[in-house]
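Asks: Just so it is clear, I am handing over upload_13.cif, which has mmCIF, N, CA and C atoms.
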data_input
loop_
_atom_site.label_atom_id
_atom_site.label_comp_id
_atom_site.auth_asym_id
_atom_site.auth_seq_id
_atom_site.Cartn_x
_atom_site.Cartn_y
_atom_site.Cartn_z
N MET A 6 -21.75 -1.27 5.94
CA MET A 6 -21.24 -0.87 7.24
C MET A 6 -20.26 0.29 7.06
N GLU A 7 -20.45 1.33 7.84
CA GLU A 7 -19.51 2.43 7.85
C GLU A 7 -18.32 2.01 8.72
N LEU A 8 -17.13 1.94 8.13
CA LEU A 8 -15.95 1.45 8.84
C LEU A 8 -15.63 2.29 10.08
N ILE A 9 -15.90 3.57 10.01
CA ILE A 9 -15.59 4.45 11.14
C ILE A 9 -16.36 4.04 12.40
N LEU A 10 -17.51 3.40 12.23
CA LEU A 10 -18.31 2.99 13.40
C LEU A 10 -17.59 1.91 14.20
N ALA A 11 -16.97 0.96 13.51
CA ALA A 11 -16.21 -0.09 14.21
C ALA A 11 -15.01 0.54 14.92
N ARG A 12 -14.34 1.47 14.25
CA ARG A 12 -13.19 2.15 14.86
C ARG A 12 -13.63 2.90 16.11
N GLN A 13 -14.67 3.71 15.97
CA GLN A 13 -15.13 4.51 17.10
C GLN A 13 -15.55 3.63 18.28
N SER A 14 -16.20 2.53 17.99
CA SER A 14 -16.65 1.63 19.05
C SER A 14 -15.47 1.08 19.85
N VAL A 15 -14.44 0.64 19.16
CA VAL A 15 -13.26 0.10 19.84
C VAL A 15 -12.55 1.19 20.64
N ILE A 16 -12.39 2.36 20.05
CA ILE A 16 -11.70 3.46 20.73
C ILE A 16 -12.46 3.87 21.99
N ILE A 17 -13.77 4.00 21.89
CA ILE A 17 -14.57 4.38 23.06
C ILE A 17 -14.45 3.33 24.15
N LYS A 18 -14.56 2.06 23.79
CA LYS A 18 -14.47 0.98 24.78
C LYS A 18 -13.11 1.00 25.49
N CYS A 19 -12.06 1.25 24.75
CA CYS A 19 -10.72 1.28 25.36
C CYS A 19 -10.53 2.53 26.21
N ASN A 20 -11.12 3.64 25.80
CA ASN A 20 -10.99 4.88 26.58
C ASN A 20 -11.74 4.82 27.89
N ILE A 21 -12.90 4.13 27.93
CA ILE A 21 -13.67 4.08 29.17
C ILE A 21 -13.48 2.77 29.92
N ASN A 22 -12.71 1.84 29.33
CA ASN A 22 -12.44 0.54 29.96
C ASN A 22 -13.72 -0.19 30.35
N LYS A 23 -14.67 -0.20 29.42
CA LYS A 23 -15.94 -0.89 29.65
C LYS A 23 -16.40 -1.54 28.37
N SER A 24 -17.27 -2.53 28.53
CA SER A 24 -17.95 -3.20 27.43
C SER A 24 -17.09 -4.31 26.84
N ILE A 25 -17.65 -4.95 25.85
CA ILE A 25 -16.98 -6.05 25.16
C ILE A 25 -17.10 -5.79 23.66
N MET A 26 -16.31 -6.50 22.87
CA MET A 26 -16.45 -6.38 21.43
C MET A 26 -17.72 -7.11 21.01
N MET A 27 -18.43 -6.51 20.08
CA MET A 27 -19.72 -7.03 19.68
C MET A 27 -19.73 -7.74 18.34
N GLY A 28 -18.62 -7.84 17.67
CA GLY A 28 -18.63 -8.53 16.39
C GLY A 28 -17.27 -8.51 15.72
N ASN A 29 -17.22 -9.20 14.61
CA ASN A 29 -15.96 -9.35 13.90
C ASN A 29 -15.45 -8.05 13.28
N TYR A 30 -16.36 -7.09 13.00
CA TYR A 30 -15.87 -5.81 12.48
C TYR A 30 -14.97 -5.15 13.53
N GLU A 31 -15.44 -5.06 14.75
CA GLU A 31 -14.63 -4.50 15.83
C GLU A 31 -13.37 -5.34 16.05
N PHE A 32 -13.52 -6.65 15.99
CA PHE A 32 -12.39 -7.56 16.20
C PHE A 32 -11.27 -7.30 15.19
N TYR A 33 -11.61 -7.09 13.94
CA TYR A 33 -10.58 -6.86 12.91
C TYR A 33 -9.87 -5.52 13.14
N TYR A 34 -10.63 -4.47 13.48
CA TYR A 34 -9.97 -3.20 13.75
C TYR A 34 -9.08 -3.30 14.99
N ALA A 35 -9.63 -3.87 16.06
CA ALA A 35 -8.86 -4.03 17.30
C ALA A 35 -7.63 -4.91 17.07
N GLY A 36 -7.78 -5.95 16.28
CA GLY A 36 -6.64 -6.81 15.96
C GLY A 36 -5.55 -6.05 15.23
N GLY A 37 -5.94 -5.18 14.31
CA GLY A 37 -4.96 -4.35 13.61
C GLY A 37 -4.23 -3.43 14.57
N LEU A 38 -4.98 -2.83 15.52
CA LEU A 38 -4.35 -1.96 16.52
C LEU A 38 -3.33 -2.73 17.36
N LEU A 39 -3.74 -3.90 17.86
CA LEU A 39 -2.83 -4.66 18.71
C LEU A 39 -1.59 -5.11 17.93
N CYS A 40 -1.78 -5.49 16.68
CA CYS A 40 -0.62 -5.87 15.85
C CYS A 40 0.31 -4.68 15.65
N ARG A 41 -0.27 -3.50 15.41
CA ARG A 41 0.56 -2.29 15.25
C ARG A 41 1.38 -2.04 16.52
N LEU A 42 0.73 -2.12 17.67
CA LEU A 42 1.42 -1.88 18.93
C LEU A 42 2.50 -2.92 19.21
N ALA A 43 2.22 -4.17 18.87
CA ALA A 43 3.15 -5.27 19.15
C ALA A 43 4.19 -5.46 18.06
N GLY A 44 4.07 -4.72 16.96
CA GLY A 44 5.03 -4.85 15.86
C GLY A 44 4.89 -6.15 15.09
N LYS A 45 3.68 -6.69 15.02
CA LYS A 45 3.42 -7.93 14.29
C LYS A 45 2.56 -7.60 13.09
N ILE A 46 2.92 -8.16 11.94
CA ILE A 46 2.17 -7.89 10.72
C ILE A 46 1.52 -9.18 10.23
N PRO A 47 0.19 -9.24 10.33
CA PRO A 47 -0.51 -10.45 9.86
C PRO A 47 -0.72 -10.41 8.35
N ASP A 48 -0.99 -11.55 7.78
CA ASP A 48 -1.43 -11.63 6.39
C ASP A 48 -2.74 -10.84 6.32
N HIS A 49 -2.92 -10.06 5.29
CA HIS A 49 -4.09 -9.19 5.21
C HIS A 49 -5.37 -9.93 4.84
N ALA A 50 -5.26 -11.16 4.40
CA ALA A 50 -6.45 -11.91 3.96
C ALA A 50 -6.85 -13.00 4.95
N LEU A 51 -6.45 -12.88 6.20
CA LEU A 51 -6.79 -13.90 7.18
C LEU A 51 -8.30 -13.91 7.45
N LYS A 52 -8.85 -15.10 7.48
CA LYS A 52 -10.25 -15.28 7.88
C LYS A 52 -10.34 -15.17 9.40
N PRO A 53 -11.53 -15.02 9.95
CA PRO A 53 -11.66 -14.76 11.39
C PRO A 53 -10.93 -15.73 12.31
N HIS A 54 -11.08 -17.02 12.09
CA HIS A 54 -10.42 -17.97 13.00
C HIS A 54 -8.90 -17.95 12.82
N GLU A 55 -8.43 -17.70 11.61
CA GLU A 55 -6.99 -17.59 11.37
C GLU A 55 -6.43 -16.35 12.07
N LEU A 56 -7.16 -15.24 11.99
CA LEU A 56 -6.71 -14.02 12.68
C LEU A 56 -6.71 -14.24 14.19
N SER A 57 -7.72 -14.92 14.69
CA SER A 57 -7.79 -15.22 16.12
C SER A 57 -6.58 -16.01 16.58
N VAL A 58 -6.18 -17.00 15.80
CA VAL A 58 -5.00 -17.81 16.13
C VAL A 58 -3.75 -16.93 16.10
N PHE A 59 -3.63 -16.05 15.10
CA PHE A 59 -2.48 -15.16 14.99
C PHE A 59 -2.39 -14.23 16.21
N LEU A 60 -3.54 -13.71 16.63
CA LEU A 60 -3.58 -12.74 17.74
C LEU A 60 -3.48 -13.39 19.12
N GLN A 61 -3.80 -14.66 19.22
CA GLN A 61 -3.92 -15.33 20.52
C GLN A 61 -2.75 -15.08 21.47
N PRO A 62 -1.50 -15.16 21.05
CA PRO A 62 -0.41 -14.95 22.02
C PRO A 62 -0.14 -13.48 22.35
N LEU A 63 -0.59 -12.55 21.52
CA LEU A 63 -0.22 -11.14 21.69
C LEU A 63 -0.66 -10.53 23.02
N PRO A 64 -1.89 -10.76 23.50
CA PRO A 64 -2.25 -10.15 24.78
C PRO A 64 -1.37 -10.59 25.95
N ASP A 65 -0.78 -11.76 25.85
CA ASP A 65 0.07 -12.26 26.93
C ASP A 65 1.53 -11.82 26.81
N ILE A 66 1.96 -11.51 25.58
CA ILE A 66 3.38 -11.14 25.41
C ILE A 66 3.59 -9.63 25.24
N TYR A 67 2.54 -8.90 24.84
CA TYR A 67 2.67 -7.46 24.66
C TYR A 67 2.56 -6.77 26.00
N GLU A 68 3.46 -5.86 26.28
CA GLU A 68 3.46 -5.09 27.53
C GLU A 68 2.76 -3.76 27.29
N PRO A 69 1.51 -3.61 27.73
CA PRO A 69 0.77 -2.36 27.50
C PRO A 69 1.46 -1.16 28.14
N LYS A 70 1.36 -0.03 27.46
CA LYS A 70 2.00 1.19 27.95
C LYS A 70 1.00 2.12 28.65
N ASN A 71 -0.29 1.80 28.57
CA ASN A 71 -1.31 2.60 29.24
C ASN A 71 -2.58 1.78 29.42
N GLU A 72 -3.59 2.38 30.04
CA GLU A 72 -4.83 1.66 30.32
C GLU A 72 -5.58 1.27 29.05
N GLN A 73 -5.54 2.14 28.03
CA GLN A 73 -6.22 1.83 26.78
C GLN A 73 -5.62 0.60 26.12
N GLU A 74 -4.31 0.53 26.09
CA GLU A 74 -3.64 -0.63 25.48
C GLU A 74 -3.95 -1.90 26.27
N ALA A 75 -3.97 -1.80 27.58
CA ALA A 75 -4.28 -2.96 28.42
C ALA A 75 -5.71 -3.43 28.16
N TYR A 76 -6.63 -2.48 28.01
CA TYR A 76 -8.02 -2.87 27.76
C TYR A 76 -8.17 -3.46 26.35
N LEU A 77 -7.44 -2.92 25.40
CA LEU A 77 -7.45 -3.48 24.05
C LEU A 77 -7.02 -4.94 24.08
N ALA A 78 -5.95 -5.23 24.78
CA ALA A 78 -5.46 -6.61 24.90
C ALA A 78 -6.52 -7.49 25.56
N LYS A 79 -7.19 -6.96 26.57
CA LYS A 79 -8.27 -7.71 27.25
C LYS A 79 -9.41 -8.00 26.28
N LEU A 80 -9.81 -7.00 25.50
CA LEU A 80 -10.88 -7.20 24.52
C LEU A 80 -10.54 -8.33 23.54
N ILE A 81 -9.32 -8.31 23.03
CA ILE A 81 -8.88 -9.34 22.08
C ILE A 81 -8.87 -10.71 22.76
N LYS A 82 -8.34 -10.77 23.95
CA LYS A 82 -8.22 -12.04 24.66
C LYS A 82 -9.57 -12.67 24.95
N GLU A 83 -10.57 -11.86 25.27
CA GLU A 83 -11.87 -12.37 25.67
C GLU A 83 -12.84 -12.58 24.52
N TYR A 84 -12.54 -12.06 23.34
CA TYR A 84 -13.48 -12.14 22.23
C TYR A 84 -13.57 -13.55 21.67
N LYS A 85 -14.79 -13.99 21.43
CA LYS A 85 -15.06 -15.28 20.79
C LYS A 85 -15.43 -15.00 19.34
N VAL A 86 -14.52 -15.30 18.44
CA VAL A 86 -14.69 -14.99 17.03
C VAL A 86 -15.82 -15.83 16.42
N SER A 87 -16.52 -15.22 15.46
CA SER A 87 -17.55 -15.94 14.72
C SER A 87 -17.07 -16.19 13.29
N ASP A 88 -17.85 -16.89 12.53
CA ASP A 88 -17.48 -17.19 11.13
C ASP A 88 -17.79 -16.04 10.19
N GLU A 89 -18.49 -15.03 10.67
CA GLU A 89 -18.88 -13.89 9.84
C GLU A 89 -17.64 -13.24 9.22
N TYR A 90 -17.69 -13.01 7.90
CA TYR A 90 -16.54 -12.41 7.23
C TYR A 90 -17.00 -11.74 5.93
N ASP A 91 -16.46 -10.57 5.67
CA ASP A 91 -16.61 -9.93 4.37
C ASP A 91 -15.37 -9.08 4.10
N GLU A 92 -15.30 -8.50 2.92
CA GLU A 92 -14.09 -7.77 2.50
C GLU A 92 -13.83 -6.52 3.35
N GLN A 93 -14.84 -5.97 3.98
CA GLN A 93 -14.63 -4.80 4.82
C GLN A 93 -13.74 -5.11 6.02
N MET A 94 -13.75 -6.35 6.44
CA MET A 94 -12.93 -6.72 7.59
C MET A 94 -11.45 -6.58 7.28
N GLN A 95 -11.06 -6.88 6.05
CA GLN A 95 -9.66 -6.66 5.64
C GLN A 95 -9.32 -5.17 5.75
N LEU A 96 -10.26 -4.32 5.35
CA LEU A 96 -10.04 -2.88 5.42
C LEU A 96 -9.91 -2.41 6.87
N LEU A 97 -10.72 -2.98 7.76
CA LEU A 97 -10.62 -2.63 9.17
C LEU A 97 -9.30 -3.07 9.78
N LEU A 98 -8.82 -4.24 9.39
CA LEU A 98 -7.51 -4.69 9.86
C LEU A 98 -6.43 -3.71 9.42
N GLN A 99 -6.51 -3.28 8.16
CA GLN A 99 -5.55 -2.31 7.64
C GLN A 99 -5.66 -0.96 8.37
N MET A 100 -6.88 -0.53 8.65
CA MET A 100 -7.07 0.72 9.39
C MET A 100 -6.37 0.65 10.74
N GLY A 101 -6.55 -0.46 11.44
CA GLY A 101 -5.90 -0.62 12.74
C GLY A 101 -4.39 -0.63 12.63
N LEU A 102 -3.88 -1.31 11.61
CA LEU A 102 -2.44 -1.39 11.41
C LEU A 102 -1.83 -0.02 11.09
N LYS A 103 -2.59 0.85 10.45
CA LYS A 103 -2.08 2.15 10.02
C LYS A 103 -2.53 3.31 10.91
N GLU A 104 -3.23 3.01 11.99
CA GLU A 104 -3.79 4.06 12.86
C GLU A 104 -2.70 5.01 13.35
N LYS A 105 -2.93 6.30 13.15
CA LYS A 105 -1.97 7.32 13.59
C LYS A 105 -2.44 8.08 14.83
N HIS A 106 -3.75 8.06 15.08
CA HIS A 106 -4.31 8.84 16.19
C HIS A 106 -5.05 7.93 17.14
N MET A 107 -4.33 6.95 17.63
CA MET A 107 -4.91 5.98 18.56
C MET A 107 -5.52 6.70 19.75
N TRP A 108 -6.67 6.25 20.15
CA TRP A 108 -7.42 6.70 21.32
C TRP A 108 -8.12 8.04 21.13
N VAL A 109 -8.06 8.60 19.94
CA VAL A 109 -8.74 9.86 19.66
C VAL A 109 -10.07 9.53 18.97
N GLN A 110 -11.16 10.03 19.54
CA GLN A 110 -12.47 9.83 18.93
C GLN A 110 -12.66 10.86 17.82
N MET A 111 -13.14 10.41 16.69
CA MET A 111 -13.38 11.30 15.57
C MET A 111 -14.76 11.95 15.72
N PRO A 112 -14.87 13.20 15.31
CA PRO A 112 -16.19 13.90 15.42
C PRO A 112 -17.21 13.31 14.49
#
Write the structure described by the file as structure tokens, please.
Replies:
Amino acid sequence: MELILARQSVIIKCNINKSIMMGNYEFYYAGGLLCRLAGKIPDHALKPHELSVFLQPLPDIYEPKNEQEAYLAKLIKEYKVSDEYDEQMQLLLQMGLKEKHMWVQMP
């Protein structure tokens, strides 16, 4: 899996305020973004259900500063995590946590 695809998918969905997350790859990147925005740092080796539990309160306590952030919180809140997991998901979580150009689509 090309990691940039999960990033681009989440960014596009938040920019147009449409669609849902389609898998755990997107969930891990989106989770990293929401943690970055909310100032919460998760353990980097969390499995999907553990990350879901960690993220669960964030959409309700984080105050979005724009429509993209609000939609990101909605995506996280509505996503039903699966058991699917591989090492790339840790990388996607880190990408979200370190994102410097939020909401910018890469060429």
Asks: Set the distance at 5 Å and use all atoms listed in the file: which residues neighbour segment 93-101 of chain A once local chain neighbours fewer than 5 positions away are removed? I'd like the list as a PDB file with N, CA and C atoms, keeping the file's coordinate frame.
Replies:
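The resulting file, result.pdb, is shown below:
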ATOM      1  N   TYR A  33     -11.610  -7.090  13.940  1.00  0.00           N
ATOM      2  CA  TYR A  33     -10.580  -6.860  12.910  1.00  0.00           C
ATOM      3  C   TYR A  33      -9.870  -5.520  13.140  1.00  0.00           C
ATOM      4  N   TYR A  34     -10.630  -4.470  13.480  1.00  0.00           N
ATOM      5  CA  TYR A  34      -9.970  -3.200  13.750  1.00  0.00           C
ATOM      6  C   TYR A  34      -9.080  -3.300  14.990  1.00  0.00           C
ATOM      7  N   GLY A  37      -5.940  -5.180  14.310  1.00  0.00           N
ATOM      8  CA  GLY A  37      -4.960  -4.350  13.610  1.00  0.00           C
ATOM      9  C   GLY A  37      -4.230  -3.430  14.570  1.00  0.00           C
ATOM     10  N   LEU A  38      -4.980  -2.830  15.520  1.00  0.00           N
ATOM     11  CA  LEU A  38      -4.350  -1.960  16.520  1.00  0.00           C
ATOM     12  C   LEU A  38      -3.330  -2.730  17.360  1.00  0.00           C
TER      13      LEU A  38
END
Asks: What do you get, as a ChimeraX atom specification, if you spell out every residue that the PyMOL selection byres (((chain A and resi 8-13 and name CA) around 8) and name CA) selects here?
Replies: /A:6-7,14-17,30-31,34-35,93,97,110-111
Asks: Kindly give the distance, in Å, that separates atom CA of Ala78 of chain A and atom N of Asp48 of chain A, rounded to a single decimal.
Replies: 18.4 Å
Asks: Could you write out as an NGL selection string the residues that the PyMOL selection byres ((chain A and resi 81) around 8) matches in the shown file?
Replies: :A and (26 or 32 or 35-36 or 60-61 or 64 or 75-80 or 82-85)
Asks: Using atom CA of Pro69 of chain A and atom CA of His54 of chain A as the two end points, give the distance in Å to one decimal.
Replies: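 Those two atoms sit 24.1 Å apart.
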Asks: Any idea what's packed within 7 Å of Val86 of chain A, counting only N, CA and C atoms, ignoring anything in its chain fewer than 4 positions away? Could you give it as number ranges by chain?
Replies: A: 29, 53-54, 57
Asks: How far is it from atom C of Val109 of chain A to atom CA of Leu63 of chain A, in Å with one decimal?
Replies: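 Between atom C of Val109 of chain A and atom CA of Leu63 of chain A the gap is 23.1 Å.
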Asks: Identify which of the residues A:Asp65, A:Gln73, A:Arg41, A:Gly28 lies closest to Lys103 of chain A, counting only C-alpha atoms when measuring atom-to-atom distances.
Replies: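 Looking only at the distances to Lys103 of chain A, the closest residue turns out to be A:Arg41.
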Asks: Out of chain A, which residues get alpha helix (DSSP H) from DSSP, as a PyMOL selection string?
Replies: chain A and resi 8-21+29-43+53-60+63-66+72-83+92-103
